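*Asks:* Sharing a structure with you now.
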Amino acid sequence: MKHHHKIESKKVQLSIIGLIAALMGIGQNGLLVSLPFLVTHSAFSLPTWSIIIAIGSFLFLPAAPFWGLYSDKNGPKGVVYQALSGMSLSFSLLLFCVFMSNSYPGSANYWLIGLVIARIIYGCTVAGMVPASQHWAILLCGEQNRLKAITSVSIGLSLGRLIGPILSIALLKSHAFAPLAMMILFPCLALLGALCLPTPQTTPQQKRKTTASSSVVLKRALTPYLLTGLLLCLTIALLQYSFSPLIENMTQWPTNKISDAIGVLLTISAAITLFTQIIVIKKKKLQLTTMYRLGALLLFVGFLLFLLSNIWGVVIAMSITTCGAALLVPAYTAKATAIDPNNPGAIAGYISMSHTLGYGLASLLAYTSTLSPVYPIYICIVLSSGIMAIAFIPTHIANIEKYVN
């Protein structure tokens with residue numbers, strides 16, 4: 001086999017890896033936009049669909065750290081291949097079962113089993129995509145450009161979350177199942193792109209004698225960052241769950257107008273995230289600790305501004321909150337992976353796991369908006385003040401620097 005087709009430019013390689021990460025964002029947000037249509041065009045209700053989707057997400061908890069460790073031992077390339085193949089296969093099965101349950105509602109239970117299997121495949125394979133992409137990006141950029149590597153993958157995810165809903169809304173105009181077909185096709189194209197990338201040069205693993213005590217120190221050193229990731233995802237997801245009652249309470253608008261407003265807010269949010277992260281990479285001026293603290297502060301102030309009960313207040317609050325989150329993610333990810341430079345994949349896996357836990361807890365707390373539309377905002381304010389406490393207490397940072405050096 002000739003190898004002259006491999007892409008040599010590091011910049012192009014990094015862009016392809018960023019786009020592979022973008023598929024995660026496109027898939028997650030695209031599926032959420034298609035949900036009302038999946039309910040009307042299949043034999044299953046919204047609560048059933050929520051459970052089916054949650055199965056895939058919760059399997060990320062054990063699978064993300066597993067693939068992260070696997071990527072550290074065997075390199076990220078194989079993990080990315082299996083994640084893309086799993087994604088395409090999972091959406092193919094999902095589309096097939098939705099179509100069949102719509103055509104033959106009598107045998108809905110069989111198709112329900114098929115949908116569950118599709119989400120199990122998704123959870124077990126796609127969980128490796130972000131940890132392996134991050135590991136690959138770090139290998140490409142080199143140890144000294146860790147922040148650039150991590151931010152390029154974060155930009156990919158943000159880009160996916162921005163494009164996902166827009167593409168899905170456009171495709172839904174042609175057919176209810178078009179977004180699912182897109183999620184079968186895109187991973188196949190990404191796989192073709194990945195096959196053109198040379199295998200990244202892994203540094204030979206330093207065989208370190210990891211004593212029990214040092215792995216305890218490692219876990220303790222990681223805790224603040226895993227906790228930040230969990231609280232950040234919890235607050236952002238809870239905020240998104242409570243948009244509808246919050247906006248309805250302020251404006252008394254009809255459902256379709258509220259739905260449009262939420263679409264606009266999510267688009268503004270994704271655009272600001274992208275802009276913030278690109279500026280951070282380009283400037284390289286902010287130190288990690290500064291980024292961490294500034295992000296925590298903006299997040300907290302943003303949530304406070306949601307208490308101004310008018311729709312323009314929401315737009316401003318959303319912009320500030322988003323900017324804070326965009327600074328926080330690369331900051332705590334870079335700090336966490338610096339703790340154990342030999343195993344960036346495993347640490348990215350643990351962070352992915354803490355994000356998933358955050359999203360899961362948010363779905364449990366979402367009911368608080370039925371008690372009062374502002375309750376979720378109060379929860380977000382309390383939890384984001386927790387992130388501020390982590391960011392501004394210098395003791396753990398000193399402990400970690402002692403461990404790293």
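Each chain in the structure tokens gets a letter, A, B and so on, in the order shown; residues start at 1 in every chain, and ligands are counted from 1 in the order they appear.
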List the neighbours of A:Thr267 out to 12 Å using only C-alpha atoms; skip same-chain residues closer than 5 positions along the sequence, and give me the result as a PyMOL selection string.
*Replies:* chain A and resi 29+158-167+260-262+272-274+315+318-319+322
*Asks:* Please produce an output containing N, CA and C atoms for each residue in the selection, written as a compact mmCIF listing (two decimals), in the first residue's frame.
*Replies:*
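What landed in again_39.txt:
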```txt
# COMPACT_ATOMS: atom_id res chain seq x y z
N ASN A 29 -26.91 17.88 19.46
CA ASN A 29 -27.90 18.95 19.28
C ASN A 29 -28.85 18.66 18.13
N SER A 158 -17.78 23.09 19.89
CA SER A 158 -18.64 24.28 19.86
C SER A 158 -19.22 24.49 18.47
N LEU A 159 -18.35 24.27 17.46
CA LEU A 159 -18.78 24.44 16.08
C LEU A 159 -19.91 23.45 15.77
N GLY A 160 -19.73 22.20 16.25
CA GLY A 160 -20.76 21.18 16.04
C GLY A 160 -22.08 21.56 16.68
N ARG A 161 -21.98 22.11 17.91
CA ARG A 161 -23.21 22.50 18.62
C ARG A 161 -23.89 23.69 17.94
N LEU A 162 -23.08 24.50 17.27
CA LEU A 162 -23.62 25.66 16.54
C LEU A 162 -24.28 25.20 15.25
N ILE A 163 -23.58 24.33 14.50
CA ILE A 163 -24.07 23.91 13.18
C ILE A 163 -25.19 22.88 13.30
N GLY A 164 -25.10 22.00 14.33
CA GLY A 164 -26.06 20.89 14.48
C GLY A 164 -27.52 21.30 14.35
N PRO A 165 -27.98 22.23 15.23
CA PRO A 165 -29.40 22.63 15.15
C PRO A 165 -29.74 23.30 13.83
N ILE A 166 -28.82 24.13 13.29
CA ILE A 166 -29.11 24.86 12.04
C ILE A 166 -29.28 23.86 10.89
N LEU A 167 -28.33 22.89 10.79
CA LEU A 167 -28.41 21.87 9.74
C LEU A 167 -29.69 21.04 9.89
N ASP A 260 -38.59 29.59 18.82
CA ASP A 260 -37.68 30.39 17.99
C ASP A 260 -36.68 31.14 18.85
N ALA A 261 -37.17 31.71 19.96
CA ALA A 261 -36.30 32.48 20.86
C ALA A 261 -35.19 31.59 21.43
N ILE A 262 -35.55 30.35 21.79
CA ILE A 262 -34.56 29.42 22.34
C ILE A 262 -33.52 29.10 21.27
N ILE A 272 -20.72 32.87 20.45
CA ILE A 272 -19.85 33.53 21.44
C ILE A 272 -18.78 32.56 21.95
N THR A 273 -19.17 31.31 22.16
CA THR A 273 -18.21 30.28 22.59
C THR A 273 -17.07 30.17 21.58
N LEU A 274 -17.46 30.07 20.32
CA LEU A 274 -16.49 29.92 19.24
C LEU A 274 -15.55 31.11 19.19
N VAL A 315 -30.69 37.80 27.05
CA VAL A 315 -29.68 37.77 25.97
C VAL A 315 -28.30 38.16 26.53
N MET A 318 -27.07 35.45 28.95
CA MET A 318 -26.66 34.28 28.19
C MET A 318 -25.25 34.50 27.60
N SER A 319 -25.03 35.71 27.08
CA SER A 319 -23.74 36.03 26.45
C SER A 319 -22.60 35.96 27.47
N THR A 322 -22.04 32.31 28.74
CA THR A 322 -21.40 31.52 27.69
C THR A 322 -19.91 31.83 27.59
```
*Asks:* By how many Å are atom CA of A:Arg293 and atom CA of A:Pro131 apart?
*Replies:*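 Between these atoms lies a distance of 24.4 Å.
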*Asks:* Skip A:Tyr292 itself and residues of its chain fewer than 4 positions away, then list as a PyMOL selection string all residues within 10 Å of it, counting only C-alpha atoms.
*Replies:* chain A and resi 228+286-288+296-297+324-325+327-332+335+387-388+390-392
*Asks:* Counting only C-alpha atoms, figure out which residue out of A:Thr48, A:Thr289, A:Leu32, A:Met100 gets nearest to A:Gly263.
*Replies:* A:Leu32
*Asks:* Counting only C-alpha atoms, what is within 7 Å of stretch 175-185 of chain A, bar same-chain residues fewer than 6 positions away, as number ranges by chain?
*Replies:* A: 27, 30, 37, 88, 91-92, 95, 168
*Asks:* Distance atom CA of A:Leu35-atom CA of A:Ala326, one decimal place?
*Replies:*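 These two atoms are separated by 26.7 Å.
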*Asks:* Rank nothing, just name the residue among A:Gln134, A:Ser103, A:Ser372, A:Asn109 nearest to A:Ala21, using only C-alpha atoms.
*Replies:*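 Checking each of A:Gln134, A:Ser103, A:Ser372, A:Asn109 against A:Ala21, counting only C-alpha atoms, the winner is A:Gln134.
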*Asks:* I want to know what sits within 7 Å of A:Phe60, based on only C-alpha atoms, with residues of the same chain fewer than 4 positions away left out; could you give that as JSON, numbers by chain?
*Replies:* {"A": [64, 123, 124, 127, 353, 356]}
*Asks:* Using only C-alpha atoms, which protein or nucleic acid residues come within 8 Å of A:Val153? Drop anything in the same chain fewer than 2 positions from it, and give the result as a PyMOL selection string.
*Replies:* chain A and resi 17-18+21-22+130+133-134+137+149-151+155-157
*Asks:* Using C-alpha atoms, can you write the selected residues to a file as an mmCIF file, in the first residue's frame?
*Replies:*
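That gives us out.cif:
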```
data_model
loop_
_atom_site.group_PDB
_atom_site.id
_atom_site.type_symbol
_atom_site.label_atom_id
_atom_site.label_comp_id
_atom_site.auth_asym_id
_atom_site.auth_seq_id
_atom_site.Cartn_x
_atom_site.Cartn_y
_atom_site.Cartn_z
ATOM 1 C CA ILE A 17 -9.412 16.197 14.288
ATOM 2 C CA GLY A 18 -11.374 19.316 15.299
ATOM 3 C CA ALA A 21 -14.924 16.291 17.502
ATOM 4 C CA ALA A 22 -17.556 18.584 15.912
ATOM 5 C CA VAL A 130 -13.459 13.292 22.514
ATOM 6 C CA SER A 133 -9.317 13.445 19.660
ATOM 7 C CA GLN A 134 -7.815 15.445 22.541
ATOM 8 C CA ALA A 137 -4.344 16.851 19.147
ATOM 9 C CA ALA A 149 -4.487 21.364 21.245
ATOM 10 C CA ILE A 150 -7.300 21.204 23.784
ATOM 11 C CA THR A 151 -8.901 24.436 22.579
ATOM 12 C CA ILE A 155 -13.698 24.715 19.109
ATOM 13 C CA GLY A 156 -14.703 21.628 17.101
ATOM 14 C CA LEU A 157 -17.307 20.687 19.725
#
```
*Asks:* If you run DSSP on this backbone, which residues of stretch 73-203 of chain A come out as alpha helix (DSSP H), and could you give them as JSON, numbers by chain?
*Replies:* {"A": [73, 74, 77, 78, 79, 80, 81, 82, 83, 84, 85, 86, 87, 88, 89, 90, 91, 92, 93, 94, 95, 96, 97, 98, 99, 100, 101, 102, 103, 108, 109, 110, 111, 112, 113, 114, 115, 116, 117, 118, 119, 120, 121, 122, 123, 124, 125, 126, 129, 130, 131, 132, 133, 134, 135, 136, 137, 138, 139, 140, 141, 146, 147, 148, 149, 150, 151, 152, 153, 154, 155, 156, 157, 158, 159, 160, 161, 162, 163, 164, 165, 166, 167, 168, 169, 170, 171, 172, 178, 179, 180, 181, 182, 183, 184, 185, 186, 187, 188, 189, 190, 191, 192, 193, 194, 195]}
*Asks:* Write the residues of the selection above to a file with C-alpha atoms, as a CSV table (one decimal), in the first residue's frame.
*Replies:*
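Output (part_4.csv):
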```
chain,number,residue,atom,x,y,z
A,73,LYS,CA,-1.7,2.6,25.8
A,74,ASN,CA,-2.4,2.0,22.1
A,77,LYS,CA,-6.1,6.5,15.9
A,78,GLY,CA,-7.9,3.2,16.5
A,79,VAL,CA,-10.2,4.7,19.1
A,80,VAL,CA,-11.2,7.5,16.7
A,81,TYR,CA,-11.9,4.9,13.9
A,82,GLN,CA,-14.1,2.7,16.1
A,83,ALA,CA,-16.0,5.8,17.5
A,84,LEU,CA,-16.8,7.0,14.0
A,85,SER,CA,-17.9,3.6,12.8
A,86,GLY,CA,-20.0,3.1,16.0
A,87,MET,CA,-21.6,6.5,15.4
A,88,SER,CA,-22.6,5.7,11.8
A,89,LEU,CA,-23.8,2.2,12.8
A,90,SER,CA,-25.8,3.5,15.8
A,91,PHE,CA,-27.7,6.1,13.7
A,92,SER,CA,-28.3,3.6,10.9
A,93,LEU,CA,-30.0,1.3,13.3
A,94,LEU,CA,-31.9,4.2,14.9
A,95,LEU,CA,-33.2,5.3,11.5
A,96,PHE,CA,-34.2,1.8,10.5
A,97,CYS,CA,-36.1,1.2,13.8
A,98,VAL,CA,-37.9,4.5,13.7
A,99,PHE,CA,-38.9,3.9,10.1
A,100,MET,CA,-40.1,0.4,10.8
A,101,SER,CA,-42.0,1.4,14.0
A,102,ASN,CA,-43.8,4.0,11.9
A,103,SER,CA,-44.7,1.5,9.2
A,108,ALA,CA,-43.4,-1.6,18.2
A,109,ASN,CA,-41.8,-3.5,21.1
A,110,TYR,CA,-39.3,-5.2,18.7
A,111,TRP,CA,-38.3,-1.8,17.3
A,112,LEU,CA,-38.0,-0.4,20.8
A,113,ILE,CA,-35.4,-3.1,21.6
A,114,GLY,CA,-33.6,-2.1,18.4
A,115,LEU,CA,-33.6,1.6,19.4
A,116,VAL,CA,-32.1,0.6,22.8
A,117,ILE,CA,-29.4,-1.5,21.1
A,118,ALA,CA,-28.6,1.5,18.8
A,119,ARG,CA,-28.1,3.8,21.8
A,120,ILE,CA,-26.0,1.1,23.6
A,121,ILE,CA,-23.7,0.9,20.5
A,122,TYR,CA,-23.6,4.7,20.6
A,123,GLY,CA,-22.7,5.0,24.3
A,124,CYS,CA,-20.0,2.2,24.2
A,125,THR,CA,-18.2,3.4,21.0
A,126,VAL,CA,-18.7,7.2,20.6
A,129,MET,CA,-14.3,10.2,20.4
A,130,VAL,CA,-13.5,13.3,22.5
A,131,PRO,CA,-10.8,11.7,24.8
A,132,ALA,CA,-9.0,10.2,21.7
A,133,SER,CA,-9.3,13.4,19.7
A,134,GLN,CA,-7.8,15.4,22.5
A,135,HIS,CA,-5.0,12.9,23.0
A,136,TRP,CA,-4.3,13.0,19.2
A,137,ALA,CA,-4.3,16.9,19.1
A,138,ILE,CA,-1.9,17.0,22.1
A,139,LEU,CA,0.5,14.6,20.3
A,140,LEU,CA,0.3,16.8,17.1
A,141,CYS,CA,0.8,20.1,18.9
A,146,ARG,CA,-1.3,21.7,25.3
A,147,LEU,CA,-3.8,24.6,25.5
A,148,LYS,CA,-3.8,25.1,21.7
A,149,ALA,CA,-4.5,21.4,21.2
A,150,ILE,CA,-7.3,21.2,23.8
A,151,THR,CA,-8.9,24.4,22.6
A,152,SER,CA,-8.9,23.2,19.0
A,153,VAL,CA,-10.9,20.2,20.0
A,154,SER,CA,-13.2,22.5,22.2
A,155,ILE,CA,-13.7,24.7,19.1
A,156,GLY,CA,-14.7,21.6,17.1
A,157,LEU,CA,-17.3,20.7,19.7
A,158,SER,CA,-18.6,24.3,19.9
A,159,LEU,CA,-18.8,24.4,16.1
A,160,GLY,CA,-20.8,21.2,16.0
A,161,ARG,CA,-23.2,22.5,18.6
A,162,LEU,CA,-23.6,25.7,16.5
A,163,ILE,CA,-24.1,23.9,13.2
A,164,GLY,CA,-26.1,20.9,14.5
A,165,PRO,CA,-29.4,22.6,15.1
A,166,ILE,CA,-29.1,24.9,12.0
A,167,LEU,CA,-28.4,21.9,9.7
A,168,SER,CA,-31.2,19.8,11.4
A,169,ILE,CA,-33.8,22.6,11.1
A,170,ALA,CA,-32.9,23.0,7.4
A,171,LEU,CA,-32.9,19.3,6.7
A,172,LEU,CA,-36.2,18.7,8.6
A,178,ALA,CA,-33.1,13.7,7.0
A,179,PRO,CA,-31.1,14.7,10.1
A,180,LEU,CA,-30.7,11.0,11.1
A,181,ALA,CA,-29.5,10.3,7.5
A,182,MET,CA,-27.0,13.2,7.9
A,183,MET,CA,-25.6,11.5,11.1
A,184,ILE,CA,-25.1,8.3,9.2
A,185,LEU,CA,-23.3,10.0,6.3
A,186,PHE,CA,-21.0,12.5,8.3
A,187,PRO,CA,-19.1,9.9,10.4
A,188,CYS,CA,-18.4,8.0,7.1
A,189,LEU,CA,-16.9,11.1,5.5
A,190,ALA,CA,-15.0,11.8,8.7
A,191,LEU,CA,-13.6,8.3,8.7
A,192,LEU,CA,-12.3,8.8,5.1
A,193,GLY,CA,-10.6,12.0,6.4
A,194,ALA,CA,-9.1,10.2,9.4
A,195,LEU,CA,-7.8,7.4,7.1
```
*Asks:* Near stretch 248-254 of chain A, counting only C-alpha atoms, which residues have an atom at most 12 Å away, once you skip same-chain residues fewer than 5 positions from it, shown as a ChimeraX atom specification?
*Replies:* /A:242-243,259-262,306-314,369-370,372-374
*Asks:* In Å, with one decimal, what is the gap from atom CA of A:Gln13 to atom CA of A:Ala270?
*Replies:* 23.6 Å
*Asks:* Taking into account only C-alpha atoms, which residue in the set A:Leu197, A:Val39, A:Leu383, A:Leu298 is nearest to A:Lys6?
*Replies:* A:Leu197
*Asks:* Using only C-alpha atoms, which residue out of A:Ile52, A:Ile339, A:Val264, A:Met291 lies closest to A:Cys323?
*Replies:*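 For A:Cys323, the nearest of the candidates is A:Met291.
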